[in-house]
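Text of upload-v6.txt (compact mmCIF, N, CA and C atoms) as supplied:
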# COMPACT_ATOMS: atom_id res chain seq x y z
N GLU A 11 79.10 23.69 -96.66
CA GLU A 11 78.50 24.06 -95.45
C GLU A 11 79.50 23.99 -94.32
N PRO A 12 79.27 24.91 -93.58
CA PRO A 12 80.25 24.97 -92.51
C PRO A 12 80.02 23.88 -91.48
N ALA A 13 81.02 23.49 -90.81
CA ALA A 13 80.95 22.48 -89.76
C ALA A 13 80.54 23.08 -88.44
N VAL A 14 80.24 24.24 -88.45
CA VAL A 14 79.83 24.93 -87.22
C VAL A 14 78.32 24.79 -87.08
N PRO A 15 77.94 24.45 -85.94
CA PRO A 15 76.49 24.32 -85.76
C PRO A 15 75.81 25.68 -85.82
N ILE A 16 74.58 25.64 -86.27
CA ILE A 16 73.84 26.87 -86.41
C ILE A 16 73.37 27.31 -85.02
N GLU A 17 73.04 26.43 -84.30
CA GLU A 17 72.59 26.81 -82.96
C GLU A 17 73.78 26.74 -82.03
N ASP A 18 73.83 27.76 -81.18
CA ASP A 18 74.92 27.77 -80.23
C ASP A 18 74.61 26.87 -79.03
N TYR A 19 73.41 26.92 -78.68
CA TYR A 19 73.06 26.16 -77.46
C TYR A 19 71.77 25.43 -77.71
N LYS A 20 71.73 24.18 -77.34
CA LYS A 20 70.54 23.38 -77.48
C LYS A 20 69.93 23.22 -76.09
N PHE A 21 68.62 23.51 -75.97
CA PHE A 21 67.91 23.49 -74.69
C PHE A 21 67.74 22.05 -74.26
N LYS A 22 68.28 21.70 -73.08
CA LYS A 22 68.24 20.33 -72.58
C LYS A 22 67.55 20.25 -71.21
N SER A 23 66.84 21.24 -70.77
CA SER A 23 66.24 21.30 -69.43
C SER A 23 64.79 20.86 -69.42
N ASP A 24 64.31 20.32 -70.47
CA ASP A 24 62.91 19.89 -70.50
C ASP A 24 62.62 18.87 -69.40
N SER A 25 63.47 17.96 -69.18
CA SER A 25 63.22 16.95 -68.15
C SER A 25 63.24 17.57 -66.76
N ILE A 26 64.08 18.54 -66.52
CA ILE A 26 64.16 19.20 -65.21
C ILE A 26 62.89 20.01 -64.99
N ILE A 27 62.44 20.73 -65.95
CA ILE A 27 61.23 21.54 -65.82
C ILE A 27 60.04 20.63 -65.60
N SER A 28 59.95 19.53 -66.35
CA SER A 28 58.83 18.61 -66.14
C SER A 28 58.91 17.98 -64.75
N THR A 29 60.11 17.71 -64.27
CA THR A 29 60.28 17.18 -62.91
C THR A 29 59.82 18.21 -61.90
N LEU A 30 60.24 19.47 -62.08
CA LEU A 30 59.85 20.54 -61.16
C LEU A 30 58.34 20.77 -61.22
N GLU A 31 57.78 20.74 -62.42
CA GLU A 31 56.34 20.90 -62.53
C GLU A 31 55.61 19.73 -61.84
N GLY A 32 56.13 18.53 -61.97
CA GLY A 32 55.56 17.36 -61.28
C GLY A 32 55.66 17.52 -59.78
N LEU A 33 56.84 18.00 -59.32
CA LEU A 33 57.01 18.24 -57.88
C LEU A 33 56.04 19.31 -57.39
N LEU A 34 55.86 20.39 -58.19
CA LEU A 34 54.94 21.45 -57.82
C LEU A 34 53.52 20.90 -57.73
N LYS A 35 53.15 20.06 -58.71
CA LYS A 35 51.84 19.45 -58.70
C LYS A 35 51.67 18.55 -57.48
N ASP A 36 52.67 17.74 -57.20
CA ASP A 36 52.63 16.86 -56.02
C ASP A 36 52.57 17.68 -54.73
N PHE A 37 53.38 18.75 -54.69
CA PHE A 37 53.41 19.62 -53.50
C PHE A 37 52.03 20.23 -53.26
N ARG A 38 51.42 20.76 -54.33
CA ARG A 38 50.10 21.37 -54.19
C ARG A 38 49.07 20.33 -53.76
N ALA A 39 49.12 19.14 -54.29
CA ALA A 39 48.19 18.08 -53.90
C ALA A 39 48.40 17.71 -52.43
N GLN A 40 49.67 17.57 -52.07
CA GLN A 40 49.98 17.22 -50.67
C GLN A 40 49.58 18.36 -49.75
N ARG A 41 49.81 19.63 -50.19
CA ARG A 41 49.42 20.78 -49.39
C ARG A 41 47.90 20.82 -49.22
N ASP A 42 47.18 20.55 -50.29
CA ASP A 42 45.72 20.52 -50.20
C ASP A 42 45.25 19.43 -49.23
N GLU A 43 45.89 18.26 -49.29
CA GLU A 43 45.55 17.19 -48.36
C GLU A 43 45.83 17.60 -46.92
N VAL A 44 47.02 18.18 -46.71
CA VAL A 44 47.40 18.61 -45.36
C VAL A 44 46.47 19.72 -44.88
N ASP A 45 46.13 20.68 -45.77
CA ASP A 45 45.21 21.75 -45.39
C ASP A 45 43.84 21.17 -45.02
N ALA A 46 43.37 20.22 -45.84
CA ALA A 46 42.07 19.60 -45.56
C ALA A 46 42.14 18.85 -44.23
N ALA A 47 43.23 18.14 -44.00
CA ALA A 47 43.40 17.42 -42.74
C ALA A 47 43.45 18.39 -41.57
N GLU A 48 44.13 19.52 -41.77
CA GLU A 48 44.23 20.51 -40.71
C GLU A 48 42.86 21.13 -40.43
N VAL A 49 42.11 21.44 -41.51
CA VAL A 49 40.78 21.99 -41.33
C VAL A 49 39.91 21.00 -40.56
N GLU A 50 40.00 19.74 -40.92
CA GLU A 50 39.22 18.71 -40.21
C GLU A 50 39.69 18.59 -38.77
N ALA A 51 41.01 18.63 -38.56
CA ALA A 51 41.54 18.55 -37.20
C ALA A 51 41.08 19.75 -36.38
N VAL A 52 41.08 20.93 -36.99
CA VAL A 52 40.62 22.13 -36.28
C VAL A 52 39.14 21.99 -35.95
N ASN A 53 38.35 21.49 -36.92
CA ASN A 53 36.93 21.29 -36.65
C ASN A 53 36.71 20.29 -35.53
N LEU A 54 37.45 19.18 -35.58
CA LEU A 54 37.34 18.18 -34.51
C LEU A 54 37.74 18.77 -33.17
N HIS A 55 38.82 19.57 -33.19
CA HIS A 55 39.29 20.19 -31.96
C HIS A 55 38.24 21.16 -31.42
N GLU A 56 37.68 21.98 -32.29
CA GLU A 56 36.66 22.93 -31.85
C GLU A 56 35.42 22.19 -31.35
N LYS A 57 35.06 21.10 -32.03
CA LYS A 57 33.92 20.30 -31.59
C LYS A 57 34.21 19.70 -30.21
N LEU A 58 35.42 19.17 -30.03
CA LEU A 58 35.82 18.61 -28.74
C LEU A 58 35.80 19.68 -27.66
N LEU A 59 36.33 20.87 -27.99
CA LEU A 59 36.31 21.96 -27.02
C LEU A 59 34.87 22.33 -26.64
N GLN A 60 33.97 22.37 -27.63
CA GLN A 60 32.59 22.69 -27.36
C GLN A 60 31.95 21.62 -26.48
N GLU A 61 32.25 20.34 -26.79
CA GLU A 61 31.72 19.25 -25.97
C GLU A 61 32.23 19.36 -24.54
N LYS A 62 33.53 19.64 -24.41
CA LYS A 62 34.11 19.78 -23.06
C LYS A 62 33.50 20.96 -22.34
N HIS A 63 33.30 22.06 -23.05
CA HIS A 63 32.68 23.24 -22.46
C HIS A 63 31.26 22.92 -21.99
N ASP A 64 30.51 22.22 -22.85
CA ASP A 64 29.14 21.83 -22.49
C ASP A 64 29.14 20.89 -21.30
N THR A 65 30.08 19.94 -21.30
CA THR A 65 30.19 18.99 -20.18
C THR A 65 30.52 19.74 -18.89
N ILE A 66 31.45 20.66 -18.97
CA ILE A 66 31.83 21.45 -17.79
C ILE A 66 30.62 22.24 -17.29
N LYS A 67 29.89 22.82 -18.23
CA LYS A 67 28.71 23.60 -17.86
C LYS A 67 27.67 22.70 -17.18
N GLN A 68 27.42 21.52 -17.76
CA GLN A 68 26.45 20.59 -17.17
C GLN A 68 26.91 20.13 -15.79
N GLU A 69 28.17 19.77 -15.69
CA GLU A 69 28.69 19.28 -14.40
C GLU A 69 28.69 20.40 -13.36
N THR A 70 28.96 21.62 -13.80
CA THR A 70 28.91 22.76 -12.87
C THR A 70 27.49 22.96 -12.37
N THR A 71 26.53 22.84 -13.28
CA THR A 71 25.12 22.95 -12.88
C THR A 71 24.76 21.84 -11.91
N LYS A 72 25.20 20.62 -12.22
CA LYS A 72 24.93 19.50 -11.31
C LYS A 72 25.56 19.76 -9.94
N MET A 73 26.79 20.26 -9.95
CA MET A 73 27.50 20.52 -8.69
C MET A 73 26.77 21.59 -7.88
N GLU A 74 26.32 22.66 -8.56
CA GLU A 74 25.59 23.72 -7.85
C GLU A 74 24.30 23.18 -7.27
N THR A 75 23.61 22.35 -8.05
CA THR A 75 22.38 21.73 -7.55
C THR A 75 22.68 20.84 -6.35
N ALA A 76 23.74 20.06 -6.47
CA ALA A 76 24.12 19.17 -5.36
C ALA A 76 24.50 19.99 -4.12
N GLN A 77 25.17 21.12 -4.32
CA GLN A 77 25.54 21.96 -3.18
C GLN A 77 24.29 22.55 -2.53
N LYS A 78 23.32 22.97 -3.37
CA LYS A 78 22.07 23.49 -2.82
C LYS A 78 21.34 22.39 -2.05
N ASN A 79 21.30 21.20 -2.65
CA ASN A 79 20.65 20.06 -1.97
C ASN A 79 21.35 19.73 -0.67
N LYS A 80 22.67 19.79 -0.69
CA LYS A 80 23.44 19.50 0.53
C LYS A 80 23.13 20.54 1.60
N ALA A 81 23.10 21.81 1.19
CA ALA A 81 22.80 22.87 2.15
C ALA A 81 21.39 22.68 2.71
N GLN A 82 20.45 22.31 1.86
CA GLN A 82 19.07 22.07 2.31
C GLN A 82 19.03 20.87 3.25
N ALA A 83 19.78 19.83 2.90
CA ALA A 83 19.81 18.63 3.75
C ALA A 83 20.42 18.96 5.11
N ILE A 84 21.45 19.78 5.13
CA ILE A 84 22.06 20.18 6.40
C ILE A 84 21.06 20.99 7.23
N ALA A 85 20.34 21.90 6.55
CA ALA A 85 19.33 22.69 7.27
C ALA A 85 18.23 21.79 7.79
N ASP A 86 17.79 20.84 6.95
CA ASP A 86 16.75 19.89 7.39
C ASP A 86 17.25 19.05 8.55
N LEU A 87 18.50 18.63 8.48
CA LEU A 87 19.08 17.83 9.56
C LEU A 87 19.10 18.63 10.86
N GLY A 88 19.49 19.90 10.77
CA GLY A 88 19.49 20.75 11.97
C GLY A 88 18.10 20.91 12.54
N SER A 89 17.14 21.12 11.65
CA SER A 89 15.75 21.27 12.08
C SER A 89 15.24 19.98 12.71
N ALA A 90 15.54 18.85 12.06
CA ALA A 90 15.11 17.55 12.59
C ALA A 90 15.78 17.27 13.93
N SER A 91 17.05 17.64 14.04
CA SER A 91 17.77 17.43 15.30
C SER A 91 17.14 18.28 16.41
N SER A 92 16.79 19.49 16.08
CA SER A 92 16.14 20.37 17.05
C SER A 92 14.79 19.79 17.47
N ARG A 93 14.02 19.32 16.48
CA ARG A 93 12.72 18.71 16.80
C ARG A 93 12.91 17.46 17.64
N LEU A 94 13.94 16.67 17.30
CA LEU A 94 14.22 15.46 18.07
C LEU A 94 14.51 15.80 19.53
N SER A 95 15.31 16.84 19.73
CA SER A 95 15.63 17.25 21.11
C SER A 95 14.36 17.66 21.85
N THR A 96 13.51 18.42 21.16
CA THR A 96 12.27 18.88 21.78
C THR A 96 11.36 17.70 22.09
N VAL A 97 11.19 16.82 21.10
CA VAL A 97 10.32 15.66 21.29
C VAL A 97 10.88 14.73 22.37
N SER A 98 12.20 14.56 22.39
CA SER A 98 12.81 13.72 23.42
C SER A 98 12.56 14.30 24.81
N SER A 99 12.68 15.61 24.91
CA SER A 99 12.43 16.27 26.20
C SER A 99 10.98 16.08 26.63
N VAL A 100 10.06 16.28 25.67
CA VAL A 100 8.64 16.10 25.99
C VAL A 100 8.37 14.64 26.36
N LEU A 101 9.00 13.71 25.63
CA LEU A 101 8.82 12.29 25.93
C LEU A 101 9.30 11.97 27.34
N MET A 102 10.45 12.50 27.71
CA MET A 102 10.96 12.25 29.07
C MET A 102 10.00 12.81 30.11
N ASP A 103 9.50 14.03 29.87
CA ASP A 103 8.53 14.62 30.81
C ASP A 103 7.27 13.76 30.88
N ASP A 104 6.80 13.32 29.72
CA ASP A 104 5.61 12.47 29.70
C ASP A 104 5.84 11.15 30.42
N LYS A 105 7.02 10.56 30.24
CA LYS A 105 7.33 9.30 30.94
C LYS A 105 7.35 9.52 32.45
N GLU A 106 7.96 10.62 32.88
CA GLU A 106 7.99 10.92 34.31
C GLU A 106 6.56 11.10 34.83
N TYR A 107 5.75 11.83 34.07
CA TYR A 107 4.36 12.04 34.47
C TYR A 107 3.61 10.71 34.52
N ALA A 108 3.82 9.87 33.49
CA ALA A 108 3.15 8.57 33.44
C ALA A 108 3.60 7.69 34.62
N ASN A 109 4.89 7.72 34.95
CA ASN A 109 5.38 6.95 36.09
C ASN A 109 4.74 7.44 37.39
N GLY A 110 4.68 8.75 37.55
CA GLY A 110 4.04 9.31 38.75
C GLY A 110 2.57 8.96 38.82
N LEU A 111 1.90 9.08 37.67
CA LEU A 111 0.48 8.76 37.59
C LEU A 111 0.25 7.27 37.88
N SER A 112 1.13 6.43 37.34
CA SER A 112 1.02 4.99 37.58
C SER A 112 1.18 4.68 39.06
N LYS A 113 2.15 5.31 39.72
CA LYS A 113 2.36 5.09 41.16
C LYS A 113 1.16 5.58 41.94
N MET A 114 0.64 6.75 41.56
CA MET A 114 -0.52 7.30 42.26
C MET A 114 -1.73 6.37 42.07
N CYS A 115 -1.93 5.86 40.86
CA CYS A 115 -3.04 4.94 40.61
C CYS A 115 -2.86 3.65 41.41
N SER A 116 -1.63 3.15 41.45
CA SER A 116 -1.34 1.93 42.20
C SER A 116 -1.61 2.15 43.68
N ASP A 117 -1.18 3.29 44.21
CA ASP A 117 -1.44 3.60 45.63
C ASP A 117 -2.93 3.69 45.90
N LYS A 118 -3.67 4.35 44.98
CA LYS A 118 -5.12 4.49 45.17
C LYS A 118 -5.80 3.13 45.05
N ALA A 119 -5.31 2.27 44.15
CA ALA A 119 -5.88 0.93 44.02
C ALA A 119 -5.64 0.13 45.30
N THR A 120 -4.44 0.25 45.85
CA THR A 120 -4.13 -0.44 47.10
C THR A 120 -5.03 0.08 48.22
N ALA A 121 -5.19 1.39 48.29
CA ALA A 121 -6.06 1.98 49.33
C ALA A 121 -7.49 1.53 49.12
N TRP A 122 -7.95 1.48 47.87
CA TRP A 122 -9.31 1.03 47.57
C TRP A 122 -9.51 -0.42 48.01
N ASP A 123 -8.51 -1.27 47.67
CA ASP A 123 -8.59 -2.67 48.07
C ASP A 123 -8.65 -2.79 49.59
N GLN A 124 -7.85 -2.01 50.28
CA GLN A 124 -7.84 -2.06 51.76
C GLN A 124 -9.19 -1.59 52.31
N ARG A 125 -9.72 -0.50 51.74
CA ARG A 125 -11.02 0.01 52.23
C ARG A 125 -12.13 -0.99 51.91
N SER A 126 -12.06 -1.59 50.70
CA SER A 126 -13.08 -2.59 50.33
C SER A 126 -13.01 -3.77 51.28
N GLN A 127 -11.82 -4.22 51.62
CA GLN A 127 -11.66 -5.34 52.56
C GLN A 127 -12.17 -4.95 53.94
N MET A 128 -11.87 -3.70 54.34
CA MET A 128 -12.36 -3.24 55.63
C MET A 128 -13.88 -3.20 55.65
N ARG A 129 -14.50 -2.73 54.56
CA ARG A 129 -15.97 -2.67 54.47
C ARG A 129 -16.54 -4.09 54.49
N ALA A 130 -15.89 -5.00 53.79
CA ALA A 130 -16.35 -6.39 53.79
C ALA A 130 -16.25 -6.98 55.18
N ASP A 131 -15.14 -6.70 55.87
CA ASP A 131 -14.99 -7.18 57.26
C ASP A 131 -16.05 -6.57 58.16
N GLU A 132 -16.31 -5.26 57.98
CA GLU A 132 -17.33 -4.58 58.78
C GLU A 132 -18.71 -5.20 58.52
N LEU A 133 -19.01 -5.47 57.22
CA LEU A 133 -20.30 -6.07 56.89
C LEU A 133 -20.43 -7.46 57.52
N GLN A 134 -19.33 -8.20 57.50
CA GLN A 134 -19.36 -9.54 58.11
C GLN A 134 -19.60 -9.42 59.60
N VAL A 135 -18.92 -8.48 60.25
CA VAL A 135 -19.09 -8.28 61.69
C VAL A 135 -20.52 -7.84 61.98
N LEU A 136 -21.07 -6.92 61.17
CA LEU A 136 -22.45 -6.45 61.37
C LEU A 136 -23.45 -7.59 61.16
N THR A 137 -23.19 -8.41 60.14
CA THR A 137 -24.07 -9.55 59.88
C THR A 137 -24.04 -10.51 61.07
N GLN A 138 -22.87 -10.76 61.60
CA GLN A 138 -22.77 -11.63 62.77
C GLN A 138 -23.47 -10.99 63.98
N ALA A 139 -23.28 -9.66 64.11
CA ALA A 139 -23.91 -8.97 65.25
C ALA A 139 -25.44 -9.03 65.13
N ILE A 140 -25.94 -8.81 63.91
CA ILE A 140 -27.39 -8.88 63.70
C ILE A 140 -27.88 -10.29 63.99
N GLY A 141 -27.13 -11.28 63.52
CA GLY A 141 -27.51 -12.67 63.79
C GLY A 141 -27.53 -12.95 65.28
N ILE A 142 -26.53 -12.47 66.01
CA ILE A 142 -26.47 -12.68 67.46
C ILE A 142 -27.64 -11.96 68.13
N VAL A 143 -27.89 -10.72 67.72
CA VAL A 143 -28.98 -9.95 68.33
C VAL A 143 -30.30 -10.64 68.04
N LYS A 144 -30.53 -11.09 66.83
CA LYS A 144 -31.79 -11.75 66.48
C LYS A 144 -31.98 -13.02 67.29
N SER A 145 -30.91 -13.82 67.37
CA SER A 145 -31.06 -15.07 68.11
C SER A 145 -31.24 -14.82 69.60
N THR A 146 -30.54 -13.86 70.14
CA THR A 146 -30.66 -13.54 71.55
C THR A 146 -32.04 -12.95 71.83
N VAL A 147 -32.50 -12.06 71.00
CA VAL A 147 -33.80 -11.43 71.20
C VAL A 147 -34.91 -12.47 71.03
N SER A 148 -34.82 -13.32 70.04
CA SER A 148 -35.88 -14.31 69.84
C SER A 148 -35.88 -15.32 70.97
N ASP A 149 -34.70 -15.65 71.52
CA ASP A 149 -34.65 -16.58 72.65
C ASP A 149 -35.29 -15.95 73.90
N LYS A 150 -35.09 -14.71 74.09
CA LYS A 150 -35.57 -14.05 75.31
C LYS A 150 -36.98 -13.50 75.14
N THR A 151 -37.43 -13.46 73.96
CA THR A 151 -38.77 -12.95 73.74
C THR A 151 -39.70 -14.16 73.66
N SER A 152 -40.77 -14.08 74.40
CA SER A 152 -41.74 -15.17 74.40
C SER A 152 -43.14 -14.57 74.19
N ALA A 153 -44.09 -15.46 74.24
CA ALA A 153 -45.45 -14.99 74.03
C ALA A 153 -45.92 -14.12 75.18
N SER A 154 -45.30 -14.31 76.30
CA SER A 154 -45.71 -13.52 77.44
C SER A 154 -45.08 -12.15 77.49
N THR A 155 -44.13 -11.93 76.59
CA THR A 155 -43.49 -10.61 76.56
C THR A 155 -44.43 -9.64 75.89
N ILE A 156 -44.49 -8.47 76.43
CA ILE A 156 -45.41 -7.46 75.93
C ILE A 156 -44.84 -6.88 74.65
N ARG A 157 -45.80 -6.82 73.77
CA ARG A 157 -45.39 -6.25 72.50
C ARG A 157 -46.13 -4.95 72.35
N PHE A 158 -45.42 -4.02 71.92
CA PHE A 158 -46.03 -2.71 71.69
C PHE A 158 -46.51 -2.63 70.26
N ALA A 159 -47.72 -2.27 70.12
CA ALA A 159 -48.24 -2.13 68.79
C ALA A 159 -48.15 -0.67 68.36
N GLN A 160 -47.99 -0.51 67.25
CA GLN A 160 -47.88 0.86 66.79
C GLN A 160 -49.10 1.27 66.05

How does the structure come out when it is put into structure tokens?
Amino acid sequence: EPAVPIEDYKFKSDSIISTLEGLLKDFRAQRDEVDAAEVEAVNLHEKLLQEKHDTIKQETTKMETAQKNKAQAIADLGSASSRLSTVSSVLMDDKEYANGLSKMCSDKATAWDQRSQMRADELQVLTQAIGIVKSTVSDKTSASTIRFAQ
């Protein structure tokens, strides 16, 4: 038998192919994990964006409502201020009228008191005059004085 080998080349790459196949398997597993993580991250991101969008929409609605309320409050304040001015003016007029009326009543009360005192003095003088006339007439009238009968 010849000393020459029958095979020219003996295949020795089995370990390299199995290593490459292992790497391919690991790569695909890692890629699947990364893809799944990315899908989850995208879902979380989209969920976060939706939440932010909803929050912005709610806050915008709140802001618009607050602006409407503010505008209404400003209008109410203007109206109240106008009413206050009107009521204050009426109050001042009423106070002036009340002061004038009070002075007029006080003057009339003083005049009434003076007239009442004058009437009382007149009554006292008349009472004294009647008393004087009665005493003088009764002193000067006697049984001999003629009386007229009616």

Atomic distance atom C of Val44 in chain A - atom N of Asp64 in chain A, expressed in Å with one decimal =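 Distance between the two atoms: 27.3 Å.
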
Open item on the list: Quick check for you: according to DSSP on this backbone, which residues of chain A are classed as helix (DSSP H, G or I)? Reply as number ranges by chain.
Closed with: A: 24-150

Exercise. Can you tell me how far atom N of His55 in chain A sits from atom C of Asp42 in chain A, in Å to one decimal?
Worked result: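 It comes out at 17.3 Å.
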
Draw an axis-aligned box tight on the listed atoms of range 56-70 of chain A, then pad every side by 5 Å and write out centre and edge lengths in Å to one decimal as JSON.
{"center_x": 32.1, "center_y": 21.1, "center_z": -22.3, "size_x": 21.2, "size_y": 15.0, "size_z": 29.9}

Should you be able to, write range 49-58 of chain A of this structure into a file that contains all heavy atoms, as a PDB file, in the first residue's frame.
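Written out: selection-v4.pdb:
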ATOM      1  N   VAL A  49     -39.650  47.273  20.827  1.00  0.00           N
ATOM      2  CA  VAL A  49     -41.101  47.325  20.671  1.00  0.00           C
ATOM      3  C   VAL A  49     -41.735  47.819  21.971  1.00  0.00           C
ATOM      4  O   VAL A  49     -42.627  48.683  21.966  1.00  0.00           O
ATOM      5  CB  VAL A  49     -41.655  45.935  20.260  1.00  0.00           C
ATOM      6  CG1 VAL A  49     -43.170  45.889  20.433  1.00  0.00           C
ATOM      7  CG2 VAL A  49     -41.279  45.609  18.832  1.00  0.00           C
ATOM      8  N   GLU A  50     -41.264  47.312  23.087  1.00  0.00           N
ATOM      9  CA  GLU A  50     -41.797  47.760  24.381  1.00  0.00           C
ATOM     10  C   GLU A  50     -41.470  49.229  24.622  1.00  0.00           C
ATOM     11  O   GLU A  50     -42.307  49.995  25.091  1.00  0.00           O
ATOM     12  CB  GLU A  50     -41.249  46.915  25.527  1.00  0.00           C
ATOM     13  CG  GLU A  50     -41.827  47.357  26.841  1.00  0.00           C
ATOM     14  CD  GLU A  50     -41.870  46.250  27.871  1.00  0.00           C
ATOM     15  OE1 GLU A  50     -41.713  45.082  27.532  1.00  0.00           O
ATOM     16  OE2 GLU A  50     -42.071  46.616  29.037  1.00  0.00           O
ATOM     17  N   ALA A  51     -40.236  49.626  24.275  1.00  0.00           N
ATOM     18  CA  ALA A  51     -39.851  51.025  24.444  1.00  0.00           C
ATOM     19  C   ALA A  51     -40.701  51.928  23.555  1.00  0.00           C
ATOM     20  O   ALA A  51     -41.135  53.010  23.984  1.00  0.00           O
ATOM     21  CB  ALA A  51     -38.368  51.211  24.137  1.00  0.00           C
ATOM     22  N   VAL A  52     -40.964  51.486  22.328  1.00  0.00           N
ATOM     23  CA  VAL A  52     -41.807  52.271  21.421  1.00  0.00           C
ATOM     24  C   VAL A  52     -43.219  52.363  21.988  1.00  0.00           C
ATOM     25  O   VAL A  52     -43.839  53.444  21.985  1.00  0.00           O
ATOM     26  CB  VAL A  52     -41.799  51.644  19.996  1.00  0.00           C
ATOM     27  CG1 VAL A  52     -42.909  52.243  19.144  1.00  0.00           C
ATOM     28  CG2 VAL A  52     -40.458  51.857  19.329  1.00  0.00           C
ATOM     29  N   ASN A  53     -43.737  51.235  22.505  1.00  0.00           N
ATOM     30  CA  ASN A  53     -45.073  51.258  23.104  1.00  0.00           C
ATOM     31  C   ASN A  53     -45.119  52.194  24.306  1.00  0.00           C
ATOM     32  O   ASN A  53     -46.066  52.969  24.453  1.00  0.00           O
ATOM     33  CB  ASN A  53     -45.500  49.841  23.523  1.00  0.00           C
ATOM     34  CG  ASN A  53     -45.867  48.975  22.338  1.00  0.00           C
ATOM     35  OD1 ASN A  53     -46.205  49.484  21.278  1.00  0.00           O
ATOM     36  ND2 ASN A  53     -45.786  47.667  22.514  1.00  0.00           N
ATOM     37  N   LEU A  54     -44.099  52.104  25.164  1.00  0.00           N
ATOM     38  CA  LEU A  54     -44.043  53.004  26.321  1.00  0.00           C
ATOM     39  C   LEU A  54     -43.957  54.457  25.880  1.00  0.00           C
ATOM     40  O   LEU A  54     -44.613  55.337  26.456  1.00  0.00           O
ATOM     41  CB  LEU A  54     -42.854  52.647  27.217  1.00  0.00           C
ATOM     42  CG  LEU A  54     -42.989  51.375  28.046  1.00  0.00           C
ATOM     43  CD1 LEU A  54     -41.678  51.083  28.776  1.00  0.00           C
ATOM     44  CD2 LEU A  54     -44.128  51.492  29.041  1.00  0.00           C
ATOM     45  N   HIS A  55     -43.147  54.697  24.841  1.00  0.00           N
ATOM     46  CA  HIS A  55     -42.993  56.061  24.333  1.00  0.00           C
ATOM     47  C   HIS A  55     -44.320  56.565  23.767  1.00  0.00           C
ATOM     48  O   HIS A  55     -44.721  57.710  24.040  1.00  0.00           O
ATOM     49  CB  HIS A  55     -41.897  56.097  23.265  1.00  0.00           C
ATOM     50  CG  HIS A  55     -41.701  57.450  22.663  1.00  0.00           C
ATOM     51  ND1 HIS A  55     -41.170  58.494  23.362  1.00  0.00           N
ATOM     52  CD2 HIS A  55     -41.998  57.936  21.420  1.00  0.00           C
ATOM     53  CE1 HIS A  55     -41.118  59.568  22.583  1.00  0.00           C
ATOM     54  NE2 HIS A  55     -41.629  59.244  21.403  1.00  0.00           N
ATOM     55  N   GLU A  56     -44.990  55.742  22.984  1.00  0.00           N
ATOM     56  CA  GLU A  56     -46.272  56.151  22.421  1.00  0.00           C
ATOM     57  C   GLU A  56     -47.307  56.363  23.522  1.00  0.00           C
ATOM     58  O   GLU A  56     -48.103  57.302  23.466  1.00  0.00           O
ATOM     59  CB  GLU A  56     -46.765  55.108  21.407  1.00  0.00           C
ATOM     60  CG  GLU A  56     -45.965  55.137  20.111  1.00  0.00           C
ATOM     61  CD  GLU A  56     -46.395  54.049  19.130  1.00  0.00           C
ATOM     62  OE1 GLU A  56     -47.323  53.270  19.452  1.00  0.00           O
ATOM     63  OE2 GLU A  56     -45.791  53.986  18.057  1.00  0.00           O
ATOM     64  N   LYS A  57     -47.283  55.498  24.535  1.00  0.00           N
ATOM     65  CA  LYS A  57     -48.192  55.658  25.669  1.00  0.00           C
ATOM     66  C   LYS A  57     -47.895  56.969  26.397  1.00  0.00           C
ATOM     67  O   LYS A  57     -48.807  57.724  26.758  1.00  0.00           O
ATOM     68  CB  LYS A  57     -48.036  54.466  26.610  1.00  0.00           C
ATOM     69  CG  LYS A  57     -49.012  54.450  27.747  1.00  0.00           C
ATOM     70  CD  LYS A  57     -48.830  53.199  28.598  1.00  0.00           C
ATOM     71  CE  LYS A  57     -49.772  53.176  29.775  1.00  0.00           C
ATOM     72  NZ  LYS A  57     -49.577  51.998  30.626  1.00  0.00           N
ATOM     73  N   LEU A  58     -46.617  57.252  26.614  1.00  0.00           N
ATOM     74  CA  LEU A  58     -46.207  58.498  27.264  1.00  0.00           C
ATOM     75  C   LEU A  58     -46.637  59.702  26.429  1.00  0.00           C
ATOM     76  O   LEU A  58     -47.152  60.693  26.965  1.00  0.00           O
ATOM     77  CB  LEU A  58     -44.692  58.512  27.492  1.00  0.00           C
ATOM     78  CG  LEU A  58     -44.134  59.770  28.138  1.00  0.00           C
ATOM     79  CD1 LEU A  58     -44.652  59.888  29.575  1.00  0.00           C
ATOM     80  CD2 LEU A  58     -42.620  59.746  28.127  1.00  0.00           C
TER      81      LEU A  58
END
